Structure formats: structure tokens, C-alpha cells
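**Q** Structure incoming, see below.
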Amino acid sequence: MIVIAKDAEQKFCEELKGQKQDLSQIKCLHVQFSRTDVPQKELFDEFLQLLEKIPESFMAEVYICADQDVFILMHAFMEEAFMEAIDTLERKFGGKSGRFPKELFILDQHHKTLYTVAQKKYVEVQQRRMSAQDSAKKSTVDQTIESIMKRLEVGMLDTLQRRRADRRDPVVLVVEDDQLSRTLVSNTIRQSYQTVCAINGEEGLNEFLEHAPDVVFLDIGLPDINGHEVLECLFQLDPNVYVIMFSGRKDKENIMRALRAGAQGFIGKPFTRDKLFEYIGRSDFVKKKKLKIEPTTQAV
């Protein structure tokens, strides 16, 4: 008997898609153990022991899903034995859980319906995993913010937007761990704009709070904190921050993730002078400073 518990939903969907046997002779029993309050270890220890006693059980495939539901793929002649095994479980644990809801599918008649049920479970598992990853990521972001706030001088965060608005000349912050890229960008723009550099995420966040920049160029592949997480931290510190992401990887996933998180643009490496200045010029903070400067220049 084949028992699959790791990525069971995905593998069961793949098995259904690849079935090439006479489907009229293949059945699937779906048992909703998720509807019981019986401890999982106790339930499945007993369940697997019962299955091992079924004659020719080695011909069956048992998929144990993340929510404890089970799909048993078997030949038609094995139906009675598997149903009896589930009945035995119900009698043993009936006082704790009542009956286990179950449904029998004949593949040639219900293949599409069964695949829909399995696919829904697979999607739910993927969503839970993504949610867990987001929670872990958020935890990292929160920890970073907390660490910075502990070291922050009084008033630095409260005065950030005012300090940026009151400053006459634009400031550009470049957060880039690669020395060659960092030097290239800073040398390209420093004759036109005051430039501040940081070599990692934490330093970048500290420099952001100290200098209140009008533009932030932020690399994705930083050595300490992922660039996407730094981006989240920046928006927590200042919802109006203007950020352009750097990356040598021009893949769609990185671009879309950065833009969904609030980045105003994305520049792939190697950089060009025109692209850097184009994005700097799009910053509302830079535009406002230019408007303040231009009338004075004309008057002189």
C-alpha cells in the first residue's frame, strides 16, 4: 500500500490527471477525517493498522491531506474491505466523533467532480502556505522596525517629512551592496544631486531616517535583509516614500512583487544614466524642490 502524506493534494491531482487505466474499475473513497476531533496521531495509527490488514492493500494508494481528509484510490473489488475498515474506526471512536463523512467516487463517472474536490484542497493548502510565509516575513519586518525604533533618536521619525520638505536640495539614497554598482550610480548622479549610500538593508533604513531622502534606489538582493522586506519597512516608516528597485534579475515575479508593495519603478542592471535621472525627475519631492528653485533662478 502506498501512503502519501507530503504534498498529498498536489500528488493526488497529478495522479488523477495521469490515470490511463480502465476507470470503470477504479474507485476513490474520500473520508473527511477533518470533521472529527479525535487526535490525529491516535486516529491515523489505528487507521493505518486497519489498512495493512486488508488483503491486497498494496494495490491501493492512500493520500493523507493536510486537513486530515483522506483519499483512497483502489480497484473496485477492494471497496467492501475499505468501507469495513472505516466502519471499524467509527465504532472505535464513535463516542468522541460520531461518524466520519465519506463519499465513494467511480472514476469513469465522477472523474471531473473528484478532480475539482482535490484541486480545491490543493489551492487551500497553497493559500495557507503563502499566508504562513507572509506571516513569517511580516515578523521579520516587525522585528527590524522594532530594532531600529529602539536606537532611534527622539523626533527623527516625527520630523522626517518636515525635514525633507524644508530642505532646498534633493537627496538621493542608494542602498546597494555591490560596490561597483553603488559607485557607478553615485558617481553618475552626485554632480546633480546630494547622494547618500548604504551597503545593506539595516544601514539603508538608518540612513533613510537620518537624511529623509527625496528618492531611494533600493537593491533587491541585499545581504542582511531582503530588499522586498526593506521596502515594507520603508513604507511603515514613511507611507509617502519614493522608491525605485534595483535588480540584476529582470524576472516578472520580482518586478510585480515590488510594484504591488508600492515601489514606483524598477531598474534592471546594468544601469543607464538616462534611466536613473528619469526616475529621479519623476519624484514629487524633487519636482516640488525644482519649482521652488526655478523662480529664484529666473529672477536673478
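Please note that chains go A, B, ... in the order of the C-alpha cells, that every chain numbers its residues from 1, and that ligands are numbered from 1 in the order shown.
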Using DSSP secondary structure from the backbone, list all helix (DSSP H, G or I) positions within range 11-76 of chain A, as a ChimeraX atom specification.
**A** /A:11-18,23-25,33-35,40-52,57-59,76
**Q** Limited to N, CA and C atoms, could you put the picked residues into a file as a compact mmCIF listing (two decimals), in the first residue's frame?
**A**
# COMPACT_ATOMS: atom_id res chain seq x y z
N LYS A 11 0.03 15.74 -5.37
CA LYS A 11 0.32 14.44 -5.98
C LYS A 11 -0.96 13.70 -6.36
N PHE A 12 -2.03 13.89 -5.57
CA PHE A 12 -3.29 13.24 -5.91
C PHE A 12 -3.88 13.87 -7.18
N CYS A 13 -3.79 15.18 -7.31
CA CYS A 13 -4.25 15.84 -8.53
C CYS A 13 -3.46 15.34 -9.74
N GLU A 14 -2.15 15.21 -9.57
CA GLU A 14 -1.31 14.72 -10.67
C GLU A 14 -1.67 13.28 -11.04
N GLU A 15 -1.98 12.47 -10.03
CA GLU A 15 -2.37 11.08 -10.28
C GLU A 15 -3.68 11.02 -11.05
N LEU A 16 -4.64 11.84 -10.69
CA LEU A 16 -5.92 11.85 -11.38
C LEU A 16 -5.76 12.29 -12.84
N LYS A 17 -4.91 13.27 -13.06
CA LYS A 17 -4.69 13.75 -14.43
C LYS A 17 -3.99 12.70 -15.29
N GLY A 18 -3.17 11.86 -14.63
CA GLY A 18 -2.39 10.88 -15.40
C GLY A 18 -3.01 9.50 -15.49
N LEU A 23 -11.03 3.20 -16.13
CA LEU A 23 -11.52 3.97 -14.99
C LEU A 23 -12.77 3.37 -14.37
N SER A 24 -13.47 2.52 -15.11
CA SER A 24 -14.66 1.89 -14.53
C SER A 24 -14.31 0.91 -13.43
N GLN A 25 -13.05 0.48 -13.38
CA GLN A 25 -12.59 -0.47 -12.38
C GLN A 25 -11.84 0.21 -11.23
N PHE A 33 -11.87 12.92 7.61
CA PHE A 33 -11.38 12.87 8.99
C PHE A 33 -11.24 14.29 9.57
N SER A 34 -11.24 15.29 8.70
CA SER A 34 -11.14 16.67 9.17
C SER A 34 -12.36 17.08 10.00
N ARG A 35 -13.42 16.30 9.90
CA ARG A 35 -14.65 16.64 10.62
C ARG A 35 -14.70 16.01 12.02
N GLN A 40 -5.03 13.47 15.91
CA GLN A 40 -4.57 12.96 14.63
C GLN A 40 -3.70 11.71 14.76
N LYS A 41 -2.75 11.72 15.68
CA LYS A 41 -1.85 10.57 15.81
C LYS A 41 -2.62 9.31 16.18
N GLU A 42 -3.52 9.44 17.15
CA GLU A 42 -4.31 8.29 17.59
C GLU A 42 -5.17 7.75 16.45
N LEU A 43 -5.79 8.65 15.70
CA LEU A 43 -6.67 8.25 14.61
C LEU A 43 -5.91 7.54 13.50
N PHE A 44 -4.80 8.14 13.07
CA PHE A 44 -4.09 7.59 11.92
C PHE A 44 -3.27 6.36 12.26
N ASP A 45 -2.82 6.24 13.48
CA ASP A 45 -2.17 4.99 13.89
C ASP A 45 -3.14 3.82 13.72
N GLU A 46 -4.36 4.00 14.20
CA GLU A 46 -5.37 2.96 14.10
C GLU A 46 -5.78 2.73 12.66
N PHE A 47 -5.93 3.82 11.91
CA PHE A 47 -6.35 3.76 10.51
C PHE A 47 -5.36 2.95 9.67
N LEU A 48 -4.08 3.24 9.81
CA LEU A 48 -3.07 2.55 9.02
C LEU A 48 -2.94 1.08 9.41
N GLN A 49 -3.11 0.79 10.67
CA GLN A 49 -3.09 -0.62 11.10
C GLN A 49 -4.22 -1.41 10.47
N LEU A 50 -5.39 -0.81 10.39
CA LEU A 50 -6.54 -1.47 9.76
C LEU A 50 -6.30 -1.69 8.27
N LEU A 51 -5.72 -0.70 7.62
CA LEU A 51 -5.48 -0.83 6.18
C LEU A 51 -4.49 -1.94 5.86
N GLU A 52 -3.49 -2.11 6.73
CA GLU A 52 -2.48 -3.15 6.49
C GLU A 52 -3.09 -4.55 6.55
N SER A 57 -3.93 -4.90 -0.04
CA SER A 57 -3.95 -3.45 0.17
C SER A 57 -2.77 -2.76 -0.50
N PHE A 58 -1.74 -3.53 -0.85
CA PHE A 58 -0.57 -2.96 -1.51
C PHE A 58 -0.94 -2.35 -2.87
N MET A 59 -2.11 -2.72 -3.39
CA MET A 59 -2.55 -2.21 -4.68
C MET A 59 -3.23 -0.84 -4.57
N ALA A 76 -11.99 -1.63 -7.81
CA ALA A 76 -13.38 -1.74 -7.39
C ALA A 76 -13.61 -2.89 -6.41
**Q** Quick one: residues within 12 Å of range 275-277 of chain A, only C-alpha atoms, excluding same-chain residues fewer than 4 positions away - as an NGL selection string?
**A** :A and (172 or 174 or 184-193 or 215-217 or 244-246 or 265-271 or 281-283 or 286)
**Q** Considering only C-alpha atoms, state which residue in the set A:Val171, A:Ala8, A:Val3, A:Val31 is at the smallest distance from Asp87 in chain A.
**A**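 That would be A:Val31, the residue with the smallest distance to Asp87 in chain A.
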**Q** One number please: CA of Arg257 in chain A to CA of Leu231 in chain A, in Å, one decimal.
**A**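 Computed distance, CA of Arg257 in chain A to CA of Leu231 in chain A, equals 10.6 Å.
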**Q** Which of these residues is nearest to Tyr115 in chain A, using only C-alpha atoms: A:Arg260, A:Pro213, A:Gln19, A:Lys288?
**A**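 Looking at the shortest contact to Tyr115 in chain A, the residue is A:Gln19.
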**Q** If we count only C-alpha atoms, what is near Asp166 in chain A at a cut-off of 12 Å, once residues fewer than 4 positions away on the same chain are taken out, given as a list of chain:residue names?
**A**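 With the cut-off at 12 Å, the set is A:Thr159, A:Leu160, A:Gln161, A:Arg162, A:Pro170, A:Ala212, A:Pro213, A:Asp214, A:Phe285, A:Lys288, A:Lys289, A:Lys292.
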**Q** Pick the closest to Leu234 in chain A from A:Thr140, A:Ser181, A:Thr116, A:Asn206: which is it, counting only C-alpha atoms?
**A**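 Counting only C-alpha atoms, the residue closest to Leu234 in chain A is A:Asn206.
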**Q** What is the CA of Val125 in chain A to CA of Val62 in chain A distance in Å?
**A**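 Spanning CA of Val125 in chain A to CA of Val62 in chain A is a straight-line distance of 17.9 Å.
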**Q** Just checking: using only C-alpha atoms, which residue out of A:Gln21, A:Gln68, A:Gln32, A:Gln127 ends up closest to Ile86 in chain A?
**A**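 Of A:Gln21, A:Gln68, A:Gln32, A:Gln127, the one nearest Ile86 in chain A is A:Gln32, counting only C-alpha atoms.
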**Q** Quick one: of A:Met149, A:Ile220, A:Ala198, A:Ile255, who's nearest to Leu173 in chain A, counting only C-alpha atoms?
**A**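 Of A:Met149, A:Ile220, A:Ala198, A:Ile255, the one nearest Leu173 in chain A, counting only C-alpha atoms, is A:Ala198.
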**Q** Measuring atom to atom with only C-alpha atoms, identify which of A:Gly204, A:Leu104, A:Asn240, A:Leu218 is nearest to Arg164 in chain A.
**A** A:Asn240
**Q** Which neighbours of Ile26 in chain A fall inside 7 Å, counting only C-alpha atoms, when residues of the same chain fewer than 4 positions from it are skipped, and could you give them as a ChimeraX atom specification?
**A** /A:74-76,106-107
**Q** I need the chosen residues saved as a PDB file, in the first residue's frame, with C-alpha atoms.
**A**
ATOM      1  CA  MET A  74      -8.348   1.483  -5.185  1.00  0.00           C
ATOM      2  CA  HIS A  75      -9.616  -1.216  -7.509  1.00  0.00           C
ATOM      3  CA  ALA A  76     -13.380  -1.743  -7.393  1.00  0.00           C
ATOM      4  CA  ILE A 106     -16.291   5.807  -9.539  1.00  0.00           C
ATOM      5  CA  LEU A 107     -13.614   7.361 -11.685  1.00  0.00           C
TER       6      LEU A 107
END
